[in-house]
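A short worksheet on the structure shown next.
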Amino acid sequence: MLLAIMSLVSCDDSIEENLPKEEFSALNQENKKRCFTMDKLEDNLSKDKNIASKMSAIEEHTRNFIKKGNFKRLANGVIQIPVVFHVIYRWSSENLALSVLQGQIDALNEDFNMQNPNRRALPSEFASVEANVGIKFVIKKVIRVRNFKKRKWRPNDDMKYTSKGGSDAVNPQEFLNFWIVNSMPYKKGQILGYAQFPGGNWATDGIVVAKNFVGPRFRTATHEVGHYLNLRHIWGDGGCYASDFVYDTPNAKGPSRGCPSYPTAECGSNNMTMNFMDYSYDSCMYMFTKGQSYRMNAVFAPGGFREAMAK
Ligand SMILES: [Zn+2]
């Protein structure tokens, strides 16, 4: 169904650039492939046999962390993540200003600390599971790389290598590397962003977001950082019985689209369409759950994949 919808939409750059901003944003969110993270995971798993065992060790660590109930860090402290932006651009309009990057950081800080204004719309059914994840983001460094040849990128990690016209990751054990490229056409649509889960290769660790979805108005980075901190899509990338490994997110048949009105019931419960790990419009997603927060915090706990970042 998704492919059929996408094929109706022509997405070449000239059309995008001629559309009014609001229309462009709605078009993108409705008809384009929001996130390439799971496709990328499959690709990485098939290329590197070590990743599967690393990821299953991370799952075991996560289960143990949650079982012990040691969530002190959630209440007492905030983990700070230094962000290295890699802005890969051809034209100066693609070379996002520091104010836009700071706006993106501010949006992440709102979303991970329960300060985003949209959360006021949260239905009372979900109020008890809403979580303050307690992670703060700060800009560590901005690297700007001009690539005169390339404006359209494939989700193949080329942007993560200086030798391929991109920019090498900087200390991924300590910093979140955040690559921004002009666009990522895919089939007849576009990819908004993708992330690498904990357990992948360090050289490609981080998130990639297309420049039209970076800034204070967008939630693509929030969703991708969720993956980067080990969250799955809320529908578990399958049907009603597929799991996202989180106990307090309701099952869903598939991703939500547009801005669903509450309640939308599937699989015997109301969908949490406003969760950042769904595919609703940016303005209609505004929460993480406690279970998701525990999973993310486990990554920073002793023995966690991103332990060095929290120190
Ligand atoms: Zn995703």
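Every chain in the structure tokens takes a letter, A first, then B, and so on in the order presented; its residues are numbered from 1, and the ligands are numbered from 1 following the presented order.
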Residue set, segment 31-235 of chain A restricted to strand (DSSP E or B), as a compact mmCIF listing (two decimals) with C-alpha atoms, in the first residue's frame:
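For reference, result.txt as written:
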# COMPACT_ATOMS: atom_id res chain seq x y z
CA LYS A 33 9.25 6.92 3.34
CA ARG A 34 9.83 8.42 6.75
CA CYS A 35 12.58 6.26 8.03
CA ILE A 79 22.61 12.43 30.66
CA GLN A 80 24.28 14.90 28.36
CA ILE A 81 24.93 13.93 24.75
CA PRO A 82 27.42 16.07 22.81
CA VAL A 83 26.39 16.29 19.16
CA VAL A 84 28.74 16.60 16.19
CA PHE A 85 26.88 17.91 13.13
CA HIS A 86 28.23 17.08 9.70
CA VAL A 87 26.57 19.42 7.20
CA ILE A 88 27.21 18.10 3.69
CA TYR A 89 26.12 20.68 1.12
CA GLU A 130 4.45 9.35 29.61
CA ILE A 135 18.67 13.32 28.17
CA LYS A 136 20.08 16.70 27.17
CA PHE A 137 21.78 17.45 23.87
CA VAL A 138 24.48 20.07 23.28
CA ILE A 139 26.36 21.05 20.15
CA LYS A 140 29.95 19.88 20.41
CA LYS A 141 31.10 20.74 16.90
CA VAL A 142 29.81 21.62 13.45
CA ILE A 143 31.72 20.26 10.46
CA ARG A 144 30.80 21.66 7.07
CA VAL A 145 31.79 19.79 3.94
CA ARG A 146 31.10 21.15 0.49
CA LYS A 152 21.20 13.30 -3.88
CA LEU A 176 26.36 11.58 18.63
CA ASN A 177 27.31 12.05 14.98
CA PHE A 178 24.48 13.72 13.08
CA TRP A 179 24.85 13.92 9.29
CA ILE A 180 22.73 16.29 7.23
CA VAL A 181 22.48 15.80 3.46
CA SER A 183 18.11 14.68 -0.04
CA PRO A 185 15.64 9.78 -3.00
CA TYR A 186 14.36 6.23 -2.65
CA GLY A 189 9.82 8.76 -2.77
CA GLN A 190 12.33 10.23 -0.36
CA ILE A 191 13.85 9.10 2.89
CA LEU A 192 13.57 11.60 5.71
CA GLY A 193 16.24 9.97 7.84
CA TYR A 194 17.81 6.83 9.22
CA ALA A 195 19.73 5.76 12.28
CA ILE A 207 21.91 9.42 12.49
CA VAL A 208 21.34 10.92 9.04
CA VAL A 209 18.54 13.40 8.30
CA ALA A 210 17.70 15.12 5.02
Excluding Trp202 of chain A and any residue of its chain fewer than 4 positions from it, enumerate the residues within 10 Å of it, using only C-alpha atoms, and give them as a VMD selection string. chain A and resid 169 to 173 196 198 206
Residues within 12 Å of ligand 1 should be enumerated using only C-alpha atoms and all ligand atoms and returned as a VMD selection string. chain A and resid 33 to 41 191 to 197 207 to 209 219 to 237 244 255 275 to 280
Pick from A:Val129, A:Met287, A:Met184, A:Ala121: nearest to Leu108 of chain A, with only C-alpha atoms counted? A:Met287
Quick one: residues within 10 Å of Ser93 of chain A, only C-alpha atoms, excluding same-chain residues fewer than 3 positions away - as a short mmCIF file (atom, residue, chain, number, x, y, z; two decimals) with N, CA and C atoms, in the first residue's frame?
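File produced: around_8.cif:
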data_model
loop_
_atom_site.label_atom_id
_atom_site.label_comp_id
_atom_site.auth_asym_id
_atom_site.auth_seq_id
_atom_site.Cartn_x
_atom_site.Cartn_y
_atom_site.Cartn_z
N TYR A 89 26.94 19.79 1.96
CA TYR A 89 26.12 20.68 1.12
C TYR A 89 26.75 20.94 -0.23
N ARG A 90 25.93 21.35 -1.16
CA ARG A 90 26.42 21.79 -2.46
C ARG A 90 26.22 23.30 -2.59
N LEU A 96 23.08 24.58 6.31
CA LEU A 96 22.19 25.08 7.37
C LEU A 96 22.92 25.93 8.41
N ALA A 97 22.29 27.07 8.73
CA ALA A 97 22.88 28.01 9.68
C ALA A 97 22.93 27.39 11.08
N ASN A 182 21.49 16.87 1.54
CA ASN A 182 20.41 17.59 0.85
C ASN A 182 19.15 16.74 0.70
N LYS A 211 18.08 17.52 4.84
CA LYS A 211 18.09 18.88 5.38
C LYS A 211 16.71 19.52 5.53
#
As an NGL selection string, please: all residues of segment 55-257 of chain A that backbone DSSP puts in alpha helix (DSSP H). :A and (55-68 or 72-76 or 98-111 or 220-228)
Write the residues of the preceding selection, restricted to C-alpha atoms, as a short mmCIF file (atom, residue, chain, number, x, y, z; two decimals), in the first residue's frame.
data_model
loop_
_atom_site.label_atom_id
_atom_site.label_comp_id
_atom_site.auth_asym_id
_atom_site.auth_seq_id
_atom_site.Cartn_x
_atom_site.Cartn_y
_atom_site.Cartn_z
CA MET A 55 22.68 -6.75 19.36
CA SER A 56 21.43 -9.79 21.21
CA ALA A 57 23.97 -9.12 23.99
CA ILE A 58 22.65 -5.54 24.15
CA GLU A 59 19.07 -6.88 24.45
CA GLU A 60 20.13 -9.11 27.33
CA HIS A 61 21.85 -6.18 29.04
CA THR A 62 18.70 -4.10 28.53
CA ARG A 63 16.44 -6.80 30.01
CA ASN A 64 18.71 -7.14 33.05
CA PHE A 65 18.84 -3.37 33.58
CA ILE A 66 15.05 -3.16 33.50
CA LYS A 67 14.63 -6.24 35.71
CA LYS A 68 16.87 -4.72 38.39
CA LYS A 72 17.85 6.21 39.75
CA ARG A 73 19.44 8.07 36.89
CA LEU A 74 16.01 8.87 35.52
CA ALA A 75 15.02 10.78 38.60
CA ASN A 76 18.34 12.18 39.74
CA LEU A 98 23.98 27.45 13.25
CA SER A 99 20.62 28.88 14.39
CA VAL A 100 18.78 26.05 12.57
CA LEU A 101 21.08 23.44 14.13
CA GLN A 102 20.55 24.98 17.57
CA GLY A 103 16.79 24.97 16.89
CA GLN A 104 17.05 21.24 16.20
CA ILE A 105 18.94 20.71 19.45
CA ASP A 106 16.29 22.72 21.32
CA ALA A 107 13.55 20.50 19.83
CA LEU A 108 15.41 17.35 20.93
CA ASN A 109 15.80 18.79 24.42
CA GLU A 110 12.08 19.52 24.62
CA ASP A 111 11.11 16.05 23.42
CA THR A 220 12.54 13.26 12.36
CA ALA A 221 15.65 13.67 14.51
CA THR A 222 13.72 12.78 17.69
CA HIS A 223 12.51 9.57 16.02
CA GLU A 224 15.98 8.71 14.69
CA VAL A 225 17.67 9.40 18.03
CA GLY A 226 15.08 7.01 19.51
CA HIS A 227 16.42 4.28 17.20
CA TYR A 228 20.00 5.33 17.95
#
Find, counting only C-alpha atoms, the residue in A:Asn132, A:Leu122, A:Pro117, A:Ser46 that gets nearest to Met296 of chain A. A:Asn132
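Distances from A:Cys284, A:Lys253, A:Thr204, A:Cys259 to Arg217 of chain A were compared using only C-alpha atoms, and the smallest one belongs to A:Cys284.
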